[in-house]
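A.B. asks: Let me begin by handing over the structure; questions about it come next.
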Number of protein chains: 4
Amino acid sequence: MLIVMRDHATSDEIDHVVERLREAGAEAHLSRGEVKSIIGVIGDRETIYGLELEGLPGVEEVVRVLKPYKLVSRDFQEADTVVRAGSAVVGGGAVAAIAGPCSVESEDQIVSTAHAIADAGGTMLRGGAYKPRTSPYAFQGLGEDGLEMLRKAGDESGLPVVTEVLDVRDTDTVAAYADVLQVGARNMQNFMMLDELGSADKPILLKRGLSATIEEVLAAAEYVLKGGNRDVILCERGIRTFESYTRNTLDLAAVAALKTLTHLPVIVDPSHATGRRELIAPMSRAALVAGADGVMVEVHPDPEHARCDGPQSILPSAFQQLMDDMTPLLELDRRHWGREPV
Amino acid sequence: MLIVMRDHATSDEIDHVVERLREAGAEAHLSRGEVKSIIGVIGDRETIYGLELEGLPGVEEVVRVLKPYKLVSRDFQEADTVVRAGSAVVGGGAVAAIAGPCSVESEDQIVSTAHAIADAGGTMLRGGAYKPRTSPYAFQGLGEDGLEMLRKAGDESGLPVVTEVLDVRDTDTVAAYADVLQVGARNMQNFMMLDELGSADKPILLKRGLSATIEEVLAAAEYVLKGGNRDVILCERGIRTFESYTRNTLDLAAVAALKTLTHLPVIVDPSHATGRRELIAPMSRAALVAGADGVMVEVHPDPEHARCDGPQSILPSAFQQLMDDMTPLLELDRRHWGREPV
Amino acid sequence: MLIVMRDHATSDEIDHVVERLREAGAEAHLSRGEVKSIIGVIGDRETIYGLELEGLPGVEEVVRVLKPYKLVSRDFQEADTVVRAGSAVVGGGAVAAIAGPCSVESEDQIVSTAHAIADAGGTMLRGGAYKPRTSPYAFQGLGEDGLEMLRKAGDESGLPVVTEVLDVRDTDTVAAYADVLQVGARNMQNFMMLDELGSADKPILLKRGLSATIEEVLAAAEYVLKGGNRDVILCERGIRTFESYTRNTLDLAAVAALKTLTHLPVIVDPSHATGRRELIAPMSRAALVAGADGVMVEVHPDPEHARCDGPQSILPSAFQQLMDDMTPLLELDRRHWGREPV
Amino acid sequence: MLIVMRDHATSDEIDHVVERLREAGAEAHLSRGEVKSIIGVIGDRETIYGLELEGLPGVEEVVRVLKPYKLVSRDFQEADTVVRAGSAVVGGGAVAAIAGPCSVESEDQIVSTAHAIADAGGTMLRGGAYKPRTSPYAFQGLGEDGLEMLRKAGDESGLPVVTEVLDVRDTDTVAAYADVLQVGARNMQNFMMLDELGSADKPILLKRGLSATIEEVLAAAEYVLKGGNRDVILCERGIRTFESYTRNTLDLAAVAALKTLTHLPVIVDPSHATGRRELIAPMSRAALVAGADGVMVEVHPDPEHARCDGPQSILPSAFQQLMDDMTPLLELDRRHWGREPV
C-alpha cells in the first residue's frame, strides 16, 4: 500500500499517519519530496486490508498495490489449472464447447437438444432449471424437475451438464444432478454462496457480474479457492455500458488480461453478452482467438418458441456450423476440444 | 408491446409474426407504412412476457411498452406508501435520518454511537453484522453477536434498527433482531431472497444494484410486493461509471424519477455513493431537495479505527451538524423527520 | 509519480527503471519491500509528463500523483474566482440563473423569451445559433442570423447572452455578439478550440464531456487558463451511463467535488442532463444545495413547437415558479442571484 | 416513429398528438388498445426529425424507428465499400495493417519505423503530427514539420500515410501531406469538421468516440458521406467503462454489428483500446476474426523513449510476429492484405 500525502502536508499529519500504521502492525517507509511526501506500507495481507486511511488529515490518496486475491494468481501458480468434469476438460489447451437452451422446458426439448449438441461436437450441455428473471411475471424455470430432465439428457448424450445454483439453499440439490455448478452474473458477489461452493466437490463456473471489474472477478474466485475448491472456470459474459445495440458489451480484452493474471480457465458466453443471434458466431470465434478456453452458447431446437432468450439462441444446425468454423482456429493455436473418454 | 418490422419486410414475414402472436394468445394490430410496418400487441402481462420475437425473420426491433412491474407503480397506487418501523416513519412527508457505523464492532462502539445518533435527532440506527466484502481477506462482520449488540443499542437509544440480510438462510435470525431488513446492492437481483422477504413481516430496505436501471429496481421491489410485503423502502446508493474520483456516481435524478414512478419511499445513501467524507453533507442535503424521503449515512465515533468504510464515515458531531443543516430544507418543503412516540 | 514494481522484480529491472528516470532528469527514491519495491519519482511537471514507464520490464503499475492541471486548482488559488459578464456575476456567492431556448428560432421567439426570463429574475440568456446535432438531417441552427437575434434579445431584456462556439473558425464572429462563449460537451477536449479561447477576452462556459472525468474537465479548463483567460465557468451536464430513463446521469457529487478541487465557478444544466421536463425543477434545486454556482435551463414559450429539445424545455411560467422555489435555498446558504447594475 | 400513450390517456390527449402530427406534415395511424394506445407516424426524414413530442400531455414514450443515417446503411448500398489510398486497399476482403508511432518525433524515427513496417508487410503508415493531449503540459506534436517527415517516410517506404486532423483549420495542410485523414475519437462529433471532410478528396478514417453508440458512429459517418465523400473507414478504439485495468473497453461486438449495418470498412485500434502492450496481439487477431477489415497498431523502435503511448507501443519485431500470426486467420476467411502495385 502507498499513501500519497497532499501537497505541503504538515509534519504532524505525516507523523500521525506513520504512527497509525505502526499501531496497526504495519511498517511505514517515508519518502519526503519537496512538494509531495509518500509513505510505502509493508505488512501482511490481513493487516493491510484492515487499514483504511483515506480519511486521515493530510492524506490525498491511498494506492493499494496488494491485490485482493492470491490463490487465483499466476504468481501463485504458473501452470494452467485444468478442470475436468465427466468427459469434459477445460484449460491447458483443452477448449470447451458448452451449449444448450436458456432453460430446460421439457424432457423432449432437452434430450433432443443434447443429442444434437453431442453430434456437433459440443463438450458440455447447459440448461437452466432455476432462472433469474428481472420481472417476477416472467417464467422462472422448472426447478428440480428441470434438473432431472437435464441429468437424463446428459446421460443419454454422454455430455456432462452445467446448470446454475440460483439459491444457496439449493446447492446440494443442484450438486446431486449437475457436473458443474454455475454461479450467475447476479450472484458473482454473493459471498455466502461463494463460501458454500468453496466446499463443494464439483467444479464451479463463475460468471462475471454485470458491472464487475477484472479484479473483482478474481477476488470472487478467490473466495471459492480459499474454501478449498480449486476447480473454477471463469466466464466473461459482457458488462453493462451505455451501448444499447447489444444487450451488454463483450469484453474480450478482459479474457486476454485474465489469461495473464490467473491460471484458471476462462470461457466466454457470447449469447448473453450480445443478445443477438447474428453476433454469436463472430464473437465465439473472436473469443477463442483472444485466448478463451471455451465458449458457452445458447442453442434451442425452436428459438421462436423458446421460453427465454429466444432472440439470442441459435439452431442446432447453426451450432454445427459454428463448431466447424471454430475448429481450424484451435488448430492454428495447437489446441483441441476438451473431450476425453470417460 | 410493439414490433417494428425491417424496411420492406415481406408480407410473409409480417404474416408469420402475426400468426405467432395469435398462437400465443395475444392480439395483433398491424399498421403498414410505405417503408416500415408496425405491429401493436395487446394481451395479458404473463402472455406478453412470454413472447420474445426479436429473432423472427423481418423483425427489426421489439419495443416493450408494458413495464416489468405493476404493484409498485404510481398508476396502481397513487398515494405515497408510508412505512413504519418502531418509532420511525418513512414516506408521505415523513423523512428518515438513518445513521450508524458500517459494521458493528463492539457493544461499546454501537451503543455509544446509537446514543449520539438519537441525541442528534436521527430516526433509525444502522449497523452491519454480516459484511459483504470484495476480498475474502477483509473483515466479514461479527455475525449473530453483532445482531445482539445492535438490538441492545437500538433498545437503549430508542432507535429502531436496520441491518443487512446477506444470506437468505439468515433471514429469520436477522428478522429476530432487526426492525428493518436491508437487501444490499449486490443482492438486489437475488430473486430468491426477494421472494423470501416477500413473506417477511418486517419492512425491507432495498438498495439499488451497482449497475441496475431504474426499471430493474422497481422490478426487484415488485418481487417483494408480489409476495405480500408492501413495506419496501428503496435506496439509491450510486451506480458504477467511469468516474473514479467518487466511489460510485450518485444518481439523484433517479430519486426524482422514482418519486414520479412509484409510491414507495426512496432514500439515499451518500456514504457508499461517494466514498468521501467531505461529500456526505452536500449530497445528503441535495438528496432531500431532490425529493428523497430520507438519508442513510455512516457515522462512527472513531473513523480512523473503523474496521470498514472509515474514509466515508463521519463523526457524531458532524452528523449533528448535518441534521441541523438538513432541517430547514425539510421545513421549506413542509416535511418533517419521521419520528413518533412508540 | 510512483512506480510499483511487480512482485519479485529483479535488481536489474529495478536498476533499469531508476536509470531511465535519471536519464530523463527526474529523481528516483527507491523503497524495497520484501515482496514489492516501490520507486518514488520527483521532478518538474513537464519532465514527469514526458515519462511513460508502464511498459518497462518489471513494472506493474505507474501511479500519477501529480495532477494534469495547476492553475485551476484550489491549491494554486484559494479564493473563489468570480466571473462577470455584463450585469451577470457567477461565483463567490453570486449564483447564475441562465435560461433560454435550445436554439434561436426567430427574433420574436428569442426576444419574447428573453423578456420573460428577465421578468422571472433570470441573470443570463442562453440560445444556440449553431447546433451540434447527432444526425445531419436535423435542424442545425440559424448561424450568424441567430447570433444577431440573440444579441438583440439580450440588449432589449438587459440580459447578457451566452451561446456556443461550435466551430473554432467562428470564434471571432461569436465573440462579436456574445457575452460568454460556450464550449459544448462534444468540444470539451477540442484542444485547439480551448487554446484559441485561452486568448479570447470573453468568459468561457465549459461543459463537461459526456464521458469526461472530473480530472479531465479540470485539465480542459487548464488549457484556457494557461492561454491567459482566467474567466472559466464549468458546467456539469450529465454523463453517459447504462441508465436510459434519463438522457444522461446528472453527477451532482462531481459538483461538490469540483468545488473543493477548483476555485472556478461550477454550474449545472439539468435540461440536457435529464432530458425530462418534470425533473428540471428538483434537479435545479438539488444542484444549488450541492454547491453549484448556478443553473442553466432550457425555457421555450412553446415547447411543443420547439425546433430542438422540446421535451426538456419548460415554459416561462414554470421558470418563474422555479426561480421562486430556488430563492429560499440561496437564502439558507447566504448566497444571492448574481445580478448587478451594469 | 411510434408514440406510446400513457395508460388511460384521454381522447383529448390522443387527438392533440394526432393533430400536432398532421400540422407538421406527418401521417398518424392510431391503434387504440384497452389500456394503451399507440400512434404510428409516417413522413419524410426531415419532417420526422423535426418532431419532438416526448413532452406532450399523455405521451409516455416516443420510439424512433427511423435511423439517423441513410447513405452509410447496408440497406442503401449492399456491396462493401472499398477504400483505396495509394497502394493500400481497405474493405471487400482487403485487410489493412496500419502501423506506426503515436507521434512523429524525428525524421530518423519515422523513416526507420516506416521501413520496418513495410518490411513486415504493413499496408499503411500512421503517425501523429498534432497530438490531442489531456494535459496542456504534455507533448503536443511537431506540427507541419511532423507532416513533412511523415510524408517523406511514406514515400521512402512506399507506404501511404494516415494522420489526424486535430483542428479543422488545418484540413488543407494535412491533406497536402497525407493519403488518409484521421478524425480522432474526441472529434467524432465535431460536426463542422465532419462537414469539412465531406468535401475533402482524401479518404477519412473516423474513430469512434469514447462514449459514442454504434448509431452515433454511423450518424457521424453520414455527415461525411452527405458532403460527397464516400471513402470513410470506421475505427473501433474502445469505449469508456468502469473497467480500469485496460485503458478502454474494446467493443468487438460493435465491429461485427457494424459489418451488418453498414457497407463501410471497419478497422480496430487495439493499442488505444487496451493501453497495454501484451494485449495488442490477441486483440488484433480477435478483431480480424470478428470481421474487422484491418487493424491499426502503435509501433515504435524504442518504446521506452517514445514521447507518447510508449506503454502500448510494440517493437517492429513484435509487429513482424503479429503479421505472421494474423496472416493465417485471413487465409481461413479467404481474405488478403490490402496492398496493390501503385
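Residue names in the C-alpha cells use chain letters A, B, ... in the order shown, residue numbers from 1 in each chain, and ligand numbers from 1 in the order shown.
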Running DSSP on the backbone, which parts of range 232-277 of chain C land in strand (DSSP E or B), as a PyMOL selection string?

C.D. replies: chain C and resi 232-236+239+249+262+266-268

A.B. asks: Take the residues just selected and output them with N, CA and C atoms as a PDB file, in the first residue's frame.

C.D. replies:
```pdb
ATOM      1  N   VAL C 232     -13.323  31.234 -16.459  1.00  0.00           N
ATOM      2  CA  VAL C 232     -13.939  29.995 -16.931  1.00  0.00           C
ATOM      3  C   VAL C 232     -15.000  29.549 -15.942  1.00  0.00           C
ATOM      4  N   ILE C 233     -16.159  29.235 -16.479  1.00  0.00           N
ATOM      5  CA  ILE C 233     -17.252  28.661 -15.670  1.00  0.00           C
ATOM      6  C   ILE C 233     -17.391  27.209 -16.118  1.00  0.00           C
ATOM      7  N   LEU C 234     -17.328  26.278 -15.178  1.00  0.00           N
ATOM      8  CA  LEU C 234     -17.509  24.868 -15.521  1.00  0.00           C
ATOM      9  C   LEU C 234     -18.997  24.519 -15.481  1.00  0.00           C
ATOM     10  N   CYS C 235     -19.390  23.559 -16.269  1.00  0.00           N
ATOM     11  CA  CYS C 235     -20.806  23.176 -16.286  1.00  0.00           C
ATOM     12  C   CYS C 235     -20.979  21.656 -16.325  1.00  0.00           C
ATOM     13  N   GLU C 236     -21.553  21.112 -15.262  1.00  0.00           N
ATOM     14  CA  GLU C 236     -21.917  19.699 -15.216  1.00  0.00           C
ATOM     15  C   GLU C 236     -23.236  19.529 -15.962  1.00  0.00           C
ATOM     16  N   ILE C 239     -23.451  12.695 -17.406  1.00  0.00           N
ATOM     17  CA  ILE C 239     -22.510  11.808 -18.074  1.00  0.00           C
ATOM     18  C   ILE C 239     -23.275  10.615 -18.624  1.00  0.00           C
ATOM     19  N   THR C 249     -26.781  10.899 -16.925  1.00  0.00           N
ATOM     20  CA  THR C 249     -26.849  10.804 -15.474  1.00  0.00           C
ATOM     21  C   THR C 249     -26.198  12.037 -14.862  1.00  0.00           C
ATOM     22  N   THR C 262     -11.335  23.080  -7.215  1.00  0.00           N
ATOM     23  CA  THR C 262     -11.015  24.244  -8.036  1.00  0.00           C
ATOM     24  C   THR C 262     -11.690  25.509  -7.497  1.00  0.00           C
ATOM     25  N   VAL C 266     -18.906  26.652 -10.778  1.00  0.00           N
ATOM     26  CA  VAL C 266     -19.442  25.432 -11.381  1.00  0.00           C
ATOM     27  C   VAL C 266     -20.959  25.567 -11.456  1.00  0.00           C
ATOM     28  N   ILE C 267     -21.510  25.439 -12.645  1.00  0.00           N
ATOM     29  CA  ILE C 267     -22.973  25.470 -12.744  1.00  0.00           C
ATOM     30  C   ILE C 267     -23.480  24.124 -13.255  1.00  0.00           C
ATOM     31  N   VAL C 268     -24.794  23.977 -13.293  1.00  0.00           N
ATOM     32  CA  VAL C 268     -25.404  22.700 -13.659  1.00  0.00           C
ATOM     33  C   VAL C 268     -26.478  22.920 -14.720  1.00  0.00           C
TER      34      VAL C 268
END
```

A.B. asks: Identify all chain D residues at most 9 Å from chain C by counting only C-alpha atoms; ligands do not count. Present them as number ranges by chain.

C.D. replies: D: 20, 45-46, 49-56, 67-69, 132-139, 166-169, 186-193, 210-211, 216, 219-220, 222-223, 226, 240-241, 276-277, 303-313

A.B. asks: Applying 10 Å and only C-alpha atoms, which residues near Glu105 in chain C remain after dropping the ones on its own chain fewer than 2 positions away? List them as JSON, numbers by chain.

C.D. replies: {"C": [101, 102, 103, 107, 108, 109, 110, 127, 128, 129, 141, 142, 145, 146, 149, 150, 306, 307, 308]}

A.B. asks: So how far away is CA of Met283 in chain A from CA of Ala290 in chain D, in Å?

C.D. replies: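 CA of Ala290 in chain D sits 6.0 Å away from CA of Met283 in chain A.
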
A.B. asks: Contacts of Gln182 in chain B at 6 Å or less, counting only C-alpha atoms, minus same-chain residues fewer than 4 places along, as a PyMOL selection string?

C.D. replies: chain B and resi 163-165+204-206

A.B. asks: Write the selection just made, keeping N, CA and C atoms, as a PDB file, in the first residue's frame?

C.D. replies:
```
ATOM      1  N   THR B 163     -30.546  -3.592   9.420  1.00  0.00           N
ATOM      2  CA  THR B 163     -29.293  -4.301   9.161  1.00  0.00           C
ATOM      3  C   THR B 163     -29.488  -5.243   7.984  1.00  0.00           C
ATOM      4  N   GLU B 164     -28.387  -5.614   7.370  1.00  0.00           N
ATOM      5  CA  GLU B 164     -28.470  -6.351   6.106  1.00  0.00           C
ATOM      6  C   GLU B 164     -28.637  -7.856   6.301  1.00  0.00           C
ATOM      7  N   VAL B 165     -29.501  -8.441   5.476  1.00  0.00           N
ATOM      8  CA  VAL B 165     -29.574  -9.887   5.332  1.00  0.00           C
ATOM      9  C   VAL B 165     -28.641 -10.242   4.176  1.00  0.00           C
ATOM     10  N   ILE B 204     -38.703  -3.799   4.337  1.00  0.00           N
ATOM     11  CA  ILE B 204     -37.474  -4.095   3.586  1.00  0.00           C
ATOM     12  C   ILE B 204     -36.862  -2.785   3.092  1.00  0.00           C
ATOM     13  N   LEU B 205     -35.547  -2.680   3.248  1.00  0.00           N
ATOM     14  CA  LEU B 205     -34.808  -1.551   2.676  1.00  0.00           C
ATOM     15  C   LEU B 205     -34.018  -2.122   1.502  1.00  0.00           C
ATOM     16  N   LEU B 206     -34.412  -1.766   0.302  1.00  0.00           N
ATOM     17  CA  LEU B 206     -33.844  -2.395  -0.900  1.00  0.00           C
ATOM     18  C   LEU B 206     -32.893  -1.429  -1.596  1.00  0.00           C
TER      19      LEU B 206
END
```

A.B. asks: Please identify the alpha helix (DSSP H) residues within range 68-260 of chain D (assignment by DSSP from backbone atoms) and present them as a PyMOL selection string.

C.D. replies: chain D and resi 107-120+144-157+171-177+191-197+214-226+252-260

A.B. asks: Any idea what the distance is between CA of Val63 in chain A and CA of Arg32 in chain A?

C.D. replies: 16.9 Å

A.B. asks: When you look at range 318-335 of chain D with a cut-off of 8 Å (counting only C-alpha atoms), what residues show up, excluding the ones that are within fewer than 2 positions of it in the same chain? I need them as a PyMOL selection string.

C.D. replies: (chain A and resi 328-329+332) or (chain D and resi 93-95+117+120-122+281+284-285+288-289+299+314-316+337)

A.B. asks: In Å to one decimal, how far is CA of Leu261 in chain B from CA of Met5 in chain D?

C.D. replies: 15.5 Å
